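Take a look at the structure set out below.
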2 protein chains.
Amino acid sequence: MSQQRTGPTDGPDFPDLPEATVARLPEYLRALHHLAEDGHDTVSSEGLAAAAGVNSAKLRKDLSHLGRTGTRGVGYDVTLLIDQIEQVLGLTHRRAVALVGVGNLGHALAGYAGFGTRGFRIAALFDADHGRVGEHINGLVVRHIDDLPEVVEQESISIAVIATPAHAAQHVADRLVEAGVTSVLNFAPCVLNVPDGVDVRKVDLAIELQILSFHEHRKSALTALPAAVQKPGRVGMANRLGGEAVAT
Amino acid sequence: MSQQRTGPTDGPDFPDLPEATVARLPEYLRALHHLAEDGHDTVSSEGLAAAAGVNSAKLRKDLSHLGRTGTRGVGYDVTLLIDQIEQVLGLTHRRAVALVGVGNLGHALAGYAGFGTRGFRIAALFDADHGRVGEHINGLVVRHIDDLPEVVEQESISIAVIATPAHAAQHVADRLVEAGVTSVLNFAPCVLNVPDGVDVRKVDLAIELQILSFHEHRKSALTALPAAVQKPGRVGMANRLGGEAVAT
DNA sequence: CGCGATTTGTGCACGGCTTCACAAGCGCCT
DNA sequence: AGGCGCTTGTGAAGCCGTGCACAAATCGCG
């Protein structure tokens, strides 16, 4: 419960956004950075929606939750919108992240440049295996998990990534919570039980593949079934009125 | 009872599972395997729901889409349910997966044991860098991406994982589709354009962290001050959790 | 200075998903 | 054998998210 410093300028003023909107804002942010690099200073909702892979009306509704952001007849100011989204997402400062589990996947995550360029800083690496403690990875030294409380306090870490085997993940999560971490990104294939107030997001590679497998299964079943299903379409349910053919 | 059912009987087999259900079935499957290892032969919806981290009513409705699966008063037969879910997900045979991009993350994925134990087999590794072609990883040799069509055909690959840098991902996706791949799991932080009939799922580590960052930001704002919202009410829409009772 | 082209912001309707609550079914115990 | 407790399966209601369609707003230009 260490009270973080509350900056004077970055006040706690933002509406409560729909969860679906929050999940899409990072995608908009990435697309906006890309547009900014290409020299665009403004972008229309249509253009940004295409770059982010969503419907333009959805994008406008999402952005409308942030307050007045666009200019009618013109579009959105790219840099201004970047600032607004980053502020809403709490990316005004580089957040420190702890990574627990320096195995196969943990190694890769520790070396992943995408963290550093998108608002995060891997501040510490942990492992339970004393044989790995002391190893240097990407300029960081692996510490033992017993040092969690000390390092979390010292580095003001509130987010942690779990990349341990499944059987260790719950134990690690308990110790993380105990040390003061309040957000966890879990790569272990298991359900984590955490107290209220702690957020957990899960990434399970096998689950993603199994979902794809279902669709593969369905697709192959369709080609075996009735006549005239050779058309590859019929996946989206977006267009009910406009029978618009896909341009190729 | 003669209640209204879903009138139009356009259900050949079970092609129409709700997408949300499909996304949860793998989690149930994993929990069931865990229960089976622990010696359980039956499980109640309450128990399985707890193991999978969902609501029990939701779980029952999900499973009801698979047909008669449980026994009232008893619960679900674990092994039977495993078989049914695996069949629906198309996991009756081990699906061959291609992995493109043997960099930092690709290396880790190639060595991830979770694929092998949960219905998949990494059948081929690819990279565009000739310096990496020929390298042996986990018993597989890295091949050049030009060999895609040949290997995809030979190994009957329909699912591919993209673990390349973002700037190469679209090109790789195009070549995968061209070679006959119809499902893609994309780890590159970019939007992929693919024709109809091809499924894409995306995993972006930075986006997951940014979503957590938002909630961290919100939490710290809540603990910062319980009263005295200094900004004038520029709230656009309904603020149903009435924080407006601030009288000073 | 006003008009038209353009684009945002949003009201509205629709469909999907979630949750509650309960009847129907099943096995066990007396 | 029959009732009783337990659990599934599911109607029904509410909520959330999506996408259409259009009014409001802004800029550029004649």
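Here's how to read the names in the structure tokens: chain A, B, ... by the order shown, residue numbers from 1 in each chain, ligand numbers from 1 in the order shown.
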
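Since chain A and chain B share the same sequence, their Cα atoms can be paired directly; the RMSD after superposition is 8.9 Å.
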
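Within 8 Å of chain A, and counting only C-alpha atoms (C1' of nucleotides), chain D contributes D:DG17, D:DT18, D:DG19, D:DA25, D:DT26, D:DC27.
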
Select from chain B every residue with an atom at most 6 Å from any atom of chain A, then for each give the shortest pair of atoms and their distance in Å to one decimal, using only C-alpha atoms, rows by chain and rising number, as a tab-separated table.
```
residue	atom	partner	partner_atom	distance
B:Pro26	CA	A:Ile207	CA	5.6
B:Leu89	CA	A:Phe214	CA	4.2
B:Gly90	CA	A:His217	CA	5.1
B:Asn104	CA	A:Ala108	CA	5.2
B:Leu105	CA	A:Ala108	CA	5.1
B:Ala108	CA	A:Leu105	CA	5.1
B:Phe115	CA	A:Ala206	CA	5.8
B:Asp196	CA	A:Gly233	CA	5.2
B:Gly197	CA	A:Pro232	CA	5.0
B:Ala206	CA	A:Phe115	CA	5.8
B:Ile207	CA	A:Pro26	CA	5.6
B:Ser213	CA	A:Gly90	CA	5.9
B:Phe214	CA	A:Leu89	CA	4.2
B:His217	CA	A:Gly90	CA	5.2
B:Ala221	CA	A:Pro12	CA	4.8
```

Could those selected residues go to a file with C-alpha atoms, as a CSV table (one decimal), in the first residue's frame?
```csv
chain,number,residue,atom,x,y,z
B,26,PRO,CA,-9.6,-24.7,-24.3
B,89,LEU,CA,-11.9,-28.3,-31.3
B,90,GLY,CA,-10.5,-30.6,-34.0
B,104,ASN,CA,14.4,-14.1,-29.9
B,105,LEU,CA,10.8,-15.0,-29.4
B,108,ALA,CA,11.4,-19.6,-27.2
B,115,PHE,CA,2.5,-27.0,-27.9
B,196,ASP,CA,-11.7,-14.0,-46.4
B,197,GLY,CA,-11.5,-17.5,-45.1
B,206,ALA,CA,3.0,-4.7,-25.1
B,207,ILE,CA,-0.8,-4.2,-25.6
B,213,SER,CA,-1.2,0.0,-17.1
B,214,PHE,CA,-4.6,1.7,-17.6
B,217,HIS,CA,-3.4,4.3,-13.5
B,221,ALA,CA,-6.1,7.7,-9.1
```

Q: Kindly determine which residues of chain C lie within 10 Å of chain B, considering only C-alpha atoms (C1' of nucleotides), and give the answer as an MDAnalysis selection string.
A: chainID C and resid 16:20 24:27

Q: Could you give me, as JSON, numbers by chain, each residue of segment 67-143 of chain B that DSSP assigns to strand (DSSP E) when run on this structure's backbone?
A: {"B": [70, 71, 75, 76, 77, 95, 96, 97, 98, 99, 100, 120, 121, 122, 123, 124, 125, 126, 127, 136, 137, 140, 141, 142, 143]}

Q.
For a test of reading the model, state the distance in Å between atom CA of Val177 of chain B and atom CA of Val194 of chain B, rounded to one decimal.
A.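 Computed distance, atom CA of Val177 of chain B to atom CA of Val194 of chain B, equals 7.6 Å.
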
Q: Just the alpha helix (DSSP H) stuff from segment 47-127 of chain A, please, per backbone DSSP, written as an NGL selection string.
A: :A and (47-52 or 56-64 or 78-88 or 104-110 or 113-117)

Q. Given the choices B:Gly47, B:Gly39, B:Gly75, B:Gly101, which gets closest to DT7 of chain D if the distance is worked out from only C-alpha atoms (C1' of nucleotides)?
A. B:Gly75

Q: Considering only C-alpha atoms, state which residue in the set B:Tyr28, B:Phe126, B:Phe187, B:Tyr76 is at the smallest distance from Leu148 of chain B.
A: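 Ranking B:Tyr28, B:Phe126, B:Phe187, B:Tyr76 by distance to Leu148 of chain B, first place goes to B:Phe126.
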
**Q.** atom CA of Gly131 of chain B to atom CA of Ala96 of chain B, distance in Å rounded to a single decimal
**A.**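 Between these atoms lies a distance of 25.2 Å.
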
Q. So, counting only C-alpha atoms, which residue among B:Ala98, B:Val78, B:Ile122, B:Ile145 is closest to Glu37 of chain B?
A. B:Val78

Q: Could you jot down the atom CA of Ala163 of chain A to atom CA of Val181 of chain A separation for me, Å, one decimal place?
A: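 Here the two named atoms are 15.4 Å from each other.
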